[in-house]
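Visitor: First the structure, which I've put down as structure tokens, then a few questions once you've had a look.
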Amino acid sequence: MEVIDLAWWKLALAALLIVALAITSHLGRLGITRSLLVATVRTVIQLVLVGMVLEALFASSGFLWIVLVALVMLLVAGREVMARQGRRLKGWWAFGIGTGAMFVSSFTVTVLSLTVVIGPEPWYAPQYAIPLLGMMLGNTMTGVSLSLDRLNAAVWQQRAVIENRLMLGQTWREALEDIRREAMRSGMMPSINAMAAAGIVSLPGMMTGQILAGSPPAVAVKYQILVMLVITVGTGFGALIAVSWGGRRLFDERERLRLDRLVGQGH
Amino acid sequence: MSAGQVVCLSGPSGSGKSRLLRAVADLEPHGGTISLDGTDQQAIPAHQWRRQVVMVPADSQWWFDEVGLHFPPDAGRQLPDVLGFHPEVMGWSVGRLSSGERQRLALWRALVLQPEVLLLDEPTANLDGQMTKAVEAWLLDEIRRRSICALWVAHDPGQIRRVADQHYRINGTFLERTDGSD
């Protein structure tokens, strides 16, 4: 089965529907017209650019180019993780811990599934590597930022409890135990929920796309299962690393709680 | 400071009494040197130090739902009568405790750890007159009997007279020794 290519003028038809929505909301004074149009333009431009980058990348298949694109993706995700934390560590720590955690978990799991499970030739073939890494990073990013946000917020709120536990001779790990568990749970919840609802409540986007592109559903399903499993593994290890590094940084070498290492929102 | 003795510390609010206690417990970075029986504070892991030098803050915290979970298993049976609790209190939910009850239980929670040094930050602040005297006498008795070395932040001159072996007042940036009888 051949994929039906979409002509640009057909996309323009879909864009017309957006314009219709914009006009309706403008007439109804709903106040979303501007952001709707800006977001539409952004999505078109960003995706067209990404399409061009991917076309070039697929044509060259140079290892260094793929590494470069992967690095850019990682750094952008790291910035996003930092921006999503209400309270975060001062200086480069917020960026460093989030990016480091994502690097270790996403890259390891992606390389592992490319070499061991999928096995394209060469193993870094961009058609497989880039989309897989993109999905890994996107989800790990959510997990890491949710868990770090929860960690920092909970430590801030429960500082008196943590210090009282320290006063009774507990180690910093014991004093932080409940909060660490809470932070892990909030980082992992989206992946666990997605696995539980997959196929019943929602048809995952990747599988849908693959079916639209002509894959037999049985193949698409196998890829989707693989992706959901590795996403959960990546998110889990990412959150684990982030919470353990982030938690350590909140205490100094004398196991004192150091809230002066956190900055609040708007700093 | 020597074992079995109470050193009282007073001074205007904001003068740094609690910070001094926190520094002794190694909860706050500080530039001083503190040692216990010849062991320097910085020479052993911080949690081991705090196991021996236990601080009871003015506002005690309770993080589990049940009171007893904050104590070792047999702490309920040894609960001293003077605190005014039945052993069943260990099964209570923390939300049921009044601030005075929390304060009394926090003192017991510190004592069951068998510390060598107790850092008490206004240990009777939430108690009424009669209970203050009873808890004070009990604490003093435990301190003498177990040879604990106690650093006790207090406001009330009457209390200081009753419990202090030595009394220091924070005056600006100086620590002023006051006569034991005053």
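The way I read the labels, and the way they are meant: chains A, B, ... in the order of the structure tokens, residue 1 as the first residue of every chain, and ligand 1 as the first ligand shown, with later ones counted on from there.
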Once you count only C-alpha atoms, which residues of chain A turn out to be within 7 Å of chain B? Could you give them as a list in words?
Guide: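 Therefore, the residues near the partner are Ala160, Val161, Asn164, Met167, Leu168, Gly169, Gln170, Thr171, Arg254, Glu255 and Arg256 of chain A.
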Visitor: Hey, can you spit out that residue selection with N, CA and C atoms as a PDB file, in the first residue's frame?
Guide:
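Written file, selection-v8.pdb:
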```pdb
ATOM      1  N   ALA A 160      10.590  22.207  58.116  1.00  0.00           N
ATOM      2  CA  ALA A 160      10.630  22.033  59.572  1.00  0.00           C
ATOM      3  C   ALA A 160      10.633  20.553  59.933  1.00  0.00           C
ATOM      4  N   VAL A 161       9.850  19.756  59.204  1.00  0.00           N
ATOM      5  CA  VAL A 161       9.805  18.314  59.460  1.00  0.00           C
ATOM      6  C   VAL A 161      11.159  17.692  59.188  1.00  0.00           C
ATOM      7  N   ASN A 164      13.569  18.612  61.895  1.00  0.00           N
ATOM      8  CA  ASN A 164      13.275  17.918  63.145  1.00  0.00           C
ATOM      9  C   ASN A 164      13.739  16.461  63.073  1.00  0.00           C
ATOM     10  N   MET A 167      17.363  16.465  63.618  1.00  0.00           N
ATOM     11  CA  MET A 167      17.689  16.707  65.028  1.00  0.00           C
ATOM     12  C   MET A 167      17.633  15.421  65.830  1.00  0.00           C
ATOM     13  N   LEU A 168      16.790  14.481  65.402  1.00  0.00           N
ATOM     14  CA  LEU A 168      16.676  13.216  66.134  1.00  0.00           C
ATOM     15  C   LEU A 168      17.696  12.195  65.637  1.00  0.00           C
ATOM     16  N   GLY A 169      18.667  12.665  64.871  1.00  0.00           N
ATOM     17  CA  GLY A 169      19.768  11.788  64.497  1.00  0.00           C
ATOM     18  C   GLY A 169      19.530  10.959  63.248  1.00  0.00           C
ATOM     19  N   GLN A 170      18.492  11.295  62.466  1.00  0.00           N
ATOM     20  CA  GLN A 170      18.295  10.551  61.220  1.00  0.00           C
ATOM     21  C   GLN A 170      19.298  11.018  60.175  1.00  0.00           C
ATOM     22  N   THR A 171      19.653  10.124  59.231  1.00  0.00           N
ATOM     23  CA  THR A 171      20.521  10.541  58.140  1.00  0.00           C
ATOM     24  C   THR A 171      19.692  11.353  57.160  1.00  0.00           C
ATOM     25  N   ARG A 254      27.689  18.016  55.734  1.00  0.00           N
ATOM     26  CA  ARG A 254      27.358  17.768  57.134  1.00  0.00           C
ATOM     27  C   ARG A 254      25.884  17.397  57.282  1.00  0.00           C
ATOM     28  N   GLU A 255      25.262  16.977  56.202  1.00  0.00           N
ATOM     29  CA  GLU A 255      23.851  16.552  56.200  1.00  0.00           C
ATOM     30  C   GLU A 255      22.923  17.642  56.743  1.00  0.00           C
ATOM     31  N   ARG A 256      23.254  18.881  56.447  1.00  0.00           N
ATOM     32  CA  ARG A 256      22.364  19.978  56.825  1.00  0.00           C
ATOM     33  C   ARG A 256      21.457  20.287  55.647  1.00  0.00           C
TER      34      ARG A 256
END
```
Visitor: Do a neighbour search on Val117 (chain B) at 6 Å with only C-alpha atoms, toss out local chain neighbours closer than 4 positions, and write the hits as a ChimeraX atom specification.
Guide: /B:53,148-150
Visitor: Print the selection's residues with N, CA and C atoms to a file, as a CSV table (one decimal), in the first residue's frame.
Guide:
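Result file follows (part.csv):
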```
chain,number,residue,atom,x,y,z
B,53,VAL,N,23.8,14.5,70.4
B,53,VAL,CA,23.5,15.8,70.8
B,53,VAL,C,22.2,16.1,70.2
B,148,ILE,N,23.0,13.9,81.8
B,148,ILE,CA,23.0,14.6,80.5
B,148,ILE,C,23.5,16.0,80.7
B,149,CYS,N,24.1,16.5,79.6
B,149,CYS,CA,24.5,17.9,79.6
B,149,CYS,C,23.5,18.7,78.9
B,150,ALA,N,22.9,19.7,79.5
B,150,ALA,CA,21.7,20.3,78.9
B,150,ALA,C,22.0,21.8,78.7
```
Visitor: Please list as a ChimeraX atom specification every residue within 12 Å of Leu203 (chain A), counting only C-alpha atoms and excluding residues in the same chain fewer than 4 positions away.
Guide: /A:194-199,207-211,217,220-221,224-225
Visitor: When distances are computed from only C-alpha atoms, which of A:Phe107, A:Phe251, A:Phe63, A:Phe58 shows the smallest separation from Leu166 (chain A)?
Guide: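 The shortest atom-to-atom distance to Leu166 (chain A) comes from A:Phe251.
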Visitor: Name the residues in contact with Glu176 (chain B) at a cut-off of 10 Å, using only C-alpha atoms, excluding same-chain residues fewer than 3 positions from it; report them as number ranges by chain.
Guide: B: 9-11, 167-173, 179
Visitor: Keeping only N, CA and C atoms, write those residues as an mmCIF file, in the first residue's frame.
Guide:
```
data_model
loop_
_atom_site.group_PDB
_atom_site.id
_atom_site.type_symbol
_atom_site.label_atom_id
_atom_site.label_comp_id
_atom_site.auth_asym_id
_atom_site.auth_seq_id
_atom_site.Cartn_x
_atom_site.Cartn_y
_atom_site.Cartn_z
ATOM 1 N N LEU B 9 20.237 29.673 78.760
ATOM 2 C CA LEU B 9 20.624 30.683 77.790
ATOM 3 C C LEU B 9 19.413 31.589 77.618
ATOM 4 N N SER B 10 19.610 32.905 77.790
ATOM 5 C CA SER B 10 18.487 33.807 77.573
ATOM 6 C C SER B 10 18.961 34.979 76.728
ATOM 7 N N GLY B 11 18.009 35.823 76.345
ATOM 8 C CA GLY B 11 18.347 36.967 75.515
ATOM 9 C C GLY B 11 17.114 37.395 74.748
ATOM 10 N N HIS B 167 24.103 30.388 83.991
ATOM 11 C CA HIS B 167 23.187 31.149 83.135
ATOM 12 C C HIS B 167 23.971 32.156 82.300
ATOM 13 N N TYR B 168 23.757 32.092 81.008
ATOM 14 C CA TYR B 168 24.385 33.070 80.111
ATOM 15 C C TYR B 168 23.299 33.865 79.406
ATOM 16 N N ARG B 169 23.570 35.130 79.206
ATOM 17 C CA ARG B 169 22.630 35.968 78.480
ATOM 18 C C ARG B 169 23.312 36.481 77.219
ATOM 19 N N ILE B 170 22.588 36.429 76.103
ATOM 20 C CA ILE B 170 23.149 36.978 74.869
ATOM 21 C C ILE B 170 22.886 38.472 74.868
ATOM 22 N N ASN B 171 23.972 39.239 74.795
ATOM 23 C CA ASN B 171 23.843 40.690 74.813
ATOM 24 C C ASN B 171 24.547 41.224 73.575
ATOM 25 N N GLY B 172 23.761 41.553 72.534
ATOM 26 C CA GLY B 172 24.361 41.972 71.271
ATOM 27 C C GLY B 172 25.168 40.825 70.689
ATOM 28 N N THR B 173 26.482 41.040 70.528
ATOM 29 C CA THR B 173 27.300 39.972 69.967
ATOM 30 C C THR B 173 28.097 39.268 71.070
ATOM 31 N N ASP B 179 25.124 35.743 87.231
ATOM 32 C CA ASP B 179 25.288 34.995 88.477
ATOM 33 C C ASP B 179 24.273 33.867 88.537
#
```
Visitor: Have a look at CA of Met82 (chain A) and CA of Val48 (chain A) and let me know their distance in Å, one decimal.
Guide: 27.0 Å
Visitor: Write out as a ChimeraX atom specification the residues lying within 12 Å of region 87-98 of chain A, counting only C-alpha atoms and excluding same-chain residues fewer than 5 positions away.
Guide: /A:74-82,103-106,137,140-157,235,238-251,258-267
Visitor: Can you tell me, as a list in words, which residues in region 30-152 of chain B count as strand (DSSP E or B) by DSSP?
Guide: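 Those residues are Ser35, Leu36, Thr39, Asp40, Val53, Val54, Met55, Val56, Glu66, Ser93, Val117, Leu118, Leu119, Leu120, Asp121, Cys149, Ala150, Leu151 and Trp152 of chain B.
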Visitor: Those residues you just picked out, can you put them in a file as a compact mmCIF listing (two decimals), in the first residue's frame with C-alpha atoms?
Guide:
```txt
# COMPACT_ATOMS: atom_id res chain seq x y z
CA SER B 35 33.64 18.82 70.88
CA LEU B 36 32.03 16.13 73.01
CA THR B 39 35.59 14.15 69.86
CA ASP B 40 35.37 17.07 67.49
CA VAL B 53 23.52 15.83 70.75
CA VAL B 54 19.75 15.91 70.39
CA MET B 55 17.87 19.15 69.88
CA VAL B 56 14.21 19.67 70.77
CA GLU B 66 0.15 7.80 64.31
CA SER B 93 -3.53 10.19 65.51
CA VAL B 117 23.60 16.35 75.32
CA LEU B 118 20.12 17.89 75.19
CA LEU B 119 19.49 21.18 73.42
CA LEU B 120 16.16 22.50 74.66
CA ASP B 121 14.58 25.47 72.89
CA CYS B 149 24.54 17.86 79.65
CA ALA B 150 21.73 20.32 78.91
CA LEU B 151 21.69 23.64 77.12
CA TRP B 152 18.32 25.19 77.92
```
Visitor: Would you pick out the contacts of Pro126 (chain A) at 9 Å or less, using only C-alpha atoms, so that residues sharing its chain but fewer than 6 positions from it are not included, and give the list as an MDAnalysis selection string?
Guide: chainID A and resid 54 57:58 61:63 66
Visitor: If you run DSSP on the backbone, which residues of region 128-164 of chain B are alpha helix (DSSP H), as a ChimeraX atom specification?
Guide: /B:129-145,157-163
